[in-house]
Structures are given as C-alpha cells and as structure tokens.
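Enquirer: Okay, here's the structure, questions in a sec.
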Amino acid sequence: MTESINNKKVIKGWAFFDWANSAYALVISTAVFPPYFASVSPENLNVLGYSINTESLYSYSVSAAYLLIAIMSPMLSGIADYGKRRMVFLKFFTILGALSCMSLFFFDGPEDTLFAAIAFILGTIGFGAGIVFYNAYLPEITTEDRFDKVSAYGYAYGYVGSVILLVAILALIQFGPSIGIDSSTLPVRIGFLLVGVWWLGFAQITFARLPSDDKNPFKWSFVTKGIDEVSKVFRAVIKDANIRKFLAAYFFYIAGVNVVIYLASIFAQEELNFTQSELIIIILLLQLVAMLGAYFFAYVSGKIGNKKSLLIQITIWIAICFGAYMTTDKPLFFVICAFVGLVLGGIQALSRSSYSKMINENTADLTSYFSFYDVLTKLAIVAGTFVFGIVN
C-alpha cells in the first residue's frame, strides 16, 4: 500500500474517476437532461393517483434517488470496509450508473416519462453511491499535507472532462441536421448514450491504477458486521466534537450548494425565461470558473487555513443567493453565476479535504466515515429538492 502513497500515476488514476463521472453530473443532472425532460414530458403526469407537474416530478426524482443512496450507503460502506471490497462496489455502481444513463437513449416522447424518471433515479444512485467509495481512497493515496491539493486536482479533472463532453454533445445537438440527423430528439438521446460510454470507459483508468482490495473471503455475516461498523463509526462521530460540529454545519451549507446545482437550470428557465442556448452558456461559465475556484481556494486555505477559507466562501454564497432572488436582469444573472462557479469549485473540494483531515489516519473504517459525510450530503439534497417540488 505504501507504494501507492503520493504516487503520481495512482493520483492521476484516482482523478480520472472525476473526469469520468462528472459528465453525468453536468450533462444529465444539470445541463441537458432537465430541460429535455421538461420539454418532452407532459405538463402534468398521474403518478400513484396524484397529478404532478413536470418540474416537480424531476425534483422528486432527485429526492428519491438521494434518499435511497442515503439509506444504502452506510451499510454498503461498512460492508466494503470489513470485506475489503471498495473496488468491487466502485465498479458495481459505475456500471449501474453508466448503463442507466445509456438507457435514456430510449426516452423519445411523453409516453416514456416514467421510464426516464426511473432510469434517472438509477443513474443517480450509481453516481452518488460510487462517490462514497471513490472519496474513501483519498487518505490511501496521499498524505494529509496534500489532501487539499489532490482533492482540488480531482475536481479540476472533473470540470475539464465534463466540459469537453458537454461541448461535443452541444455541437451534435446544434449541427445534427447538417449531418443527416433530422429527428429533434435523436441528437440529445445520442448525447445521453455518449455520457454512459464516457463514464464507463474512462473509469477503467481508475480501476487499473488504484490499489487493489485485499479481499476477505465473502461471508453473509458481512451484512451484519457492516452495519455494526457503521454503528461504531456513528458513535465515534457523536463523541468527536470537531467532526460532529463540522458535519452539522456542512449539512446546512451544502444543502444550498447542491439545490443550486440540481435546480438552477429549471429556475433560470422558468423564472427568468432563459433560452436553451443561454442556459448552456451559463453552465459552461460555471464549470470553467469552478475549475479555477477549486485551485484558488486551495491556495487561500494554504495561507489562512481551511476554516477561514470555508467561512469566506459561505459568506459569498449567502450574498449570491440573495442576489439571485432579487434580480430579474439576465446580464446581472450571468455575473452572479460567475461568482457561483468561483465558490462552487472551492467549497466542494475544501469540504472533502477538511473532513479527511479530521479522520484518524490509522482508522480501518475509512469508507464508513466517508459514508456519513456522503449521507449528510444526500439528505441535504433530499430536503432541498423536495421543498422545491412542493413549492413549485
């Protein structure tokens, strides 16, 4: 294992998973799928006897996916720690997410709306659950003094990779008719297929370069022992004042961050009447500025510390949200989005690395600790998107 610590090839392989799966976060969760879902689906859909409008159905789908992840991940991560099978779960959820994403190719009309919602939920489960095991590798591939830099490195890879694929998909959508693709939905659906292929393909680099698991022989008792491990970590978190306070604060500020990530395009489309092309420009702006923000705030944290750096970012974020609420001016909204991107990259990377520093480096329960971090993130997403659906 020691040969994997601060090994450039291993770190780059780890970062390539961000490159691979961030395409799902950008294209499916943010840029292309939400407006496509709203335009193709009927205005209202009957689900279990309730009439739900399209935007609310999308937000409820996000809530359902992350609620399931929040329920599953503590148990799965405990099992992964005890059975030493992090890579097995990372591969499983990558395959689940990528294949579900590819299946969105068949979302071609209003009659496919429920199918698309289910595929989106499964894809999001693959994306979110996989991140638990991906994050847990961070303390195994680098030393604490490099957590901030390596974490930012991963996010930067994700931003660059996802933007490259988004630009390619948008070119396909824009110029599809000129190359013989006359269907109004086919270029978008090919884009969904490409995201799954991209995700599964580039993840192979990660699978090849990360340290392999020292698997224990499988036993059904892993299930109960996995739950026991999670319970043990939960008790440790409750007793550790620093981790407890950090996670409590993290829940509230990351709720605001993630609700913006998942619902900003719908907000801009519905409230400010942004066109698809304007939304695309905004999202590309966010991604590019976020990449710079990840490195900028990693530098700032090196000078003034993680806590002060996070407080600065949270303060800026509060001002951003008030500004977005007050404005009806499109040019001003573009400026606000630039600041969103600056904070977005930094706050995610620094939150992950700050939490890593609080965990005892000799613990055998790395995945379980990260599952609690991840569960709070998912529950924050559930709360925020569910409230949005009700209000909408």
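Chain labels run A, B, ... following the order of the structure tokens; each chain numbers its residues from 1, and ligands are numbered from 1 in the order shown.
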I'd like the neighbourhood of A:Pro211 as a VMD selection string, where a residue qualifies if any of its atoms comes within 9 Å (using only C-alpha atoms), though same-chain residues fewer than 2 positions away should be ignored.
Expert: chain A and resid 1 4 10 87 137 140 to 141 207 to 209 213
Enquirer: Write out, as an mmCIF file, in the first residue's frame, the residues just selected, with N, CA and C atoms.
Expert:
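The file below, out_27.cif, is the result:
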```
data_model
loop_
_atom_site.group_PDB
_atom_site.id
_atom_site.type_symbol
_atom_site.label_atom_id
_atom_site.label_comp_id
_atom_site.auth_asym_id
_atom_site.auth_seq_id
_atom_site.Cartn_x
_atom_site.Cartn_y
_atom_site.Cartn_z
ATOM 1 N N MET A 1 0.814 -1.209 0.000
ATOM 2 C CA MET A 1 0.000 0.000 0.000
ATOM 3 C C MET A 1 0.849 1.261 0.000
ATOM 4 N N SER A 4 1.644 3.223 -3.081
ATOM 5 C CA SER A 4 0.559 3.992 -3.691
ATOM 6 C C SER A 4 0.461 5.402 -3.127
ATOM 7 N N VAL A 10 -0.925 6.889 -9.603
ATOM 8 C CA VAL A 10 -2.105 6.492 -8.829
ATOM 9 C C VAL A 10 -3.036 7.681 -8.628
ATOM 10 N N MET A 87 -13.222 -1.595 -4.207
ATOM 11 C CA MET A 87 -13.171 -1.584 -5.664
ATOM 12 C C MET A 87 -14.361 -2.316 -6.276
ATOM 13 N N TYR A 137 -10.862 6.538 -1.014
ATOM 14 C CA TYR A 137 -9.494 6.254 -1.453
ATOM 15 C C TYR A 137 -8.539 7.414 -1.166
ATOM 16 N N GLU A 140 -5.811 7.044 1.295
ATOM 17 C CA GLU A 140 -4.950 5.904 0.978
ATOM 18 C C GLU A 140 -3.948 6.203 -0.128
ATOM 19 N N ILE A 141 -4.147 7.302 -0.858
ATOM 20 C CA ILE A 141 -3.265 7.580 -1.997
ATOM 21 C C ILE A 141 -2.393 8.811 -1.783
ATOM 22 N N PHE A 207 -9.891 2.102 -12.333
ATOM 23 C CA PHE A 207 -9.894 0.716 -11.869
ATOM 24 C C PHE A 207 -8.509 0.077 -12.009
ATOM 25 N N ALA A 208 -7.781 0.455 -13.048
ATOM 26 C CA ALA A 208 -6.471 -0.147 -13.310
ATOM 27 C C ALA A 208 -5.382 0.397 -12.392
ATOM 28 N N ARG A 209 -5.517 1.660 -11.955
ATOM 29 C CA ARG A 209 -4.413 2.305 -11.243
ATOM 30 C C ARG A 209 -4.571 2.370 -9.725
ATOM 31 N N ASP A 213 -8.016 -4.331 -3.762
ATOM 32 C CA ASP A 213 -8.521 -4.706 -2.446
ATOM 33 C C ASP A 213 -7.846 -5.985 -1.963
#
```
Enquirer: Report as number ranges by chain: the residues of stretch 326-369 of chain A with a DSSP assignment of alpha helix (DSSP H), based on the backbone of this structure.
Expert: A: 326, 330-358, 366-369
Enquirer: Just how far from atom CA of A:Gln204 is atom CA of A:Phe92, in Å to one decimal?
Expert: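 Rounded to one decimal, the two atoms are 12.4 Å apart.
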Enquirer: Any idea what's packed within 9 Å of stretch 312-314 of chain A, counting only C-alpha atoms, ignoring anything in its chain fewer than 6 positions away? Could you give it as a PDB file with C-alpha atoms, in the first residue's frame?
Expert:
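Now in out-v4.pdb:
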```
ATOM      1  CA  TYR A 253     -24.356  24.984   3.713  1.00  0.00           C
ATOM      2  CA  PHE A 297      -9.436  28.423  -2.635  1.00  0.00           C
ATOM      3  CA  LEU A 342     -15.926  30.511  -8.126  1.00  0.00           C
ATOM      4  CA  VAL A 343     -17.367  29.312  -4.815  1.00  0.00           C
ATOM      5  CA  LEU A 344     -18.715  26.032  -6.168  1.00  0.00           C
ATOM      6  CA  GLY A 346     -13.656  25.640  -3.853  1.00  0.00           C
ATOM      7  CA  ILE A 347     -16.334  24.747  -1.329  1.00  0.00           C
TER       8      ILE A 347
END
```
Enquirer: Name the closest residue to A:Val167 among the candidates A:Leu96, A:Val32, A:Leu310, A:Ala268; distances are taken between atoms, counting only C-alpha atoms.
Expert: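 Smallest separation from A:Val167 among the options: A:Val32.
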Enquirer: Could you check how far atom CA of A:Pro139 sits from atom CA of A:Ser212, in Å to one decimal?
Expert: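 Computing it gives 14.8 Å between the two atoms.
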Enquirer: Give the answer as one residue: which of A:Ile28, A:Val47, A:Phe33, A:Met75 has the shortest atom-to-atom distance to A:Val375, using only C-alpha atoms?
Expert: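 Comparing A:Ile28, A:Val47, A:Phe33, A:Met75 against A:Val375, the winner is A:Met75.
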Enquirer: Could you tell me, as a ChimeraX atom specification, which residues of stretch 42-207 of chain A DSSP assigns to strand (DSSP E) when given the backbone?
Expert: /A:44-47,50-53
Enquirer: Which residues of stretch 18-126 of chain A sit at most 12 Å from stretch 352-372 of chain A, using only C-alpha atoms? Give each one's shortest atom pair and distance in Å (one decimal place), in chain and ascending residue order, as a Markdown table.
Expert:
```
| residue | atom | partner | partner_atom | distance |
| --- | --- | --- | --- | --- |
| A:Ile69 | CA | A:Ser371 | CA | 9.9 |
| A:Ala70 | CA | A:Ser371 | CA | 8.5 |
| A:Ile71 | CA | A:Ser371 | CA | 10.3 |
| A:Met72 | CA | A:Ser371 | CA | 9.5 |
| A:Ser73 | CA | A:Ser371 | CA | 6.0 |
| A:Pro74 | CA | A:Ser371 | CA | 5.3 |
| A:Met75 | CA | A:Ser368 | CA | 8.2 |
| A:Leu76 | CA | A:Ser368 | CA | 8.5 |
| A:Ser77 | CA | A:Ser368 | CA | 5.2 |
| A:Gly78 | CA | A:Ser368 | CA | 5.2 |
| A:Ile79 | CA | A:Ser368 | CA | 8.7 |
| A:Ala80 | CA | A:Thr367 | CA | 7.3 |
| A:Asp81 | CA | A:Asp365 | CA | 5.9 |
| A:Tyr82 | CA | A:Asp365 | CA | 8.1 |
| A:Gly83 | CA | A:Asp365 | CA | 11.2 |
| A:Lys84 | CA | A:Ala364 | CA | 9.8 |
| A:Arg85 | CA | A:Thr367 | CA | 10.3 |
| A:Arg86 | CA | A:Thr367 | CA | 7.9 |
| A:Met87 | CA | A:Thr367 | CA | 11.3 |
| A:Phe89 | CA | A:Thr367 | CA | 11.1 |
| A:Leu90 | CA | A:Thr367 | CA | 11.4 |
```
Enquirer: With C-alpha atoms retained, could you export that selection as an mmCIF file, in the first residue's frame?
Expert:
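Writing the result to part.cif gives the following:
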```cif
data_model
loop_
_atom_site.group_PDB
_atom_site.id
_atom_site.type_symbol
_atom_site.label_atom_id
_atom_site.label_comp_id
_atom_site.auth_asym_id
_atom_site.auth_seq_id
_atom_site.Cartn_x
_atom_site.Cartn_y
_atom_site.Cartn_z
ATOM 1 C CA ILE A 69 -28.462 6.435 -1.550
ATOM 2 C CA ALA A 70 -28.588 7.832 1.984
ATOM 3 C CA ILE A 71 -30.272 4.664 3.214
ATOM 4 C CA MET A 72 -27.940 2.261 1.385
ATOM 5 C CA SER A 73 -24.505 3.810 1.592
ATOM 6 C CA PRO A 74 -23.778 3.447 5.347
ATOM 7 C CA MET A 75 -24.475 -0.283 5.223
ATOM 8 C CA LEU A 76 -22.642 -0.792 1.940
ATOM 9 C CA SER A 77 -19.611 1.177 3.052
ATOM 10 C CA GLY A 78 -19.411 -0.739 6.314
ATOM 11 C CA ILE A 79 -19.526 -3.999 4.372
ATOM 12 C CA ALA A 80 -16.878 -2.689 1.987
ATOM 13 C CA ASP A 81 -14.560 -1.831 4.884
ATOM 14 C CA TYR A 82 -14.989 -5.178 6.628
ATOM 15 C CA GLY A 83 -14.820 -7.255 3.475
ATOM 16 C CA LYS A 84 -12.114 -5.029 1.920
ATOM 17 C CA ARG A 85 -14.174 -4.704 -1.258
ATOM 18 C CA ARG A 86 -14.134 -0.980 -2.053
ATOM 19 C CA MET A 87 -13.171 -1.584 -5.664
ATOM 20 C CA PHE A 89 -18.580 -1.600 -5.079
ATOM 21 C CA LEU A 90 -16.960 1.208 -7.044
#
```
Enquirer: Using atom CA of A:Asn242 and atom CA of A:Gly130 as the two end points, give the distance in Å to one decimal.
Expert: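 It comes out at 26.3 Å.
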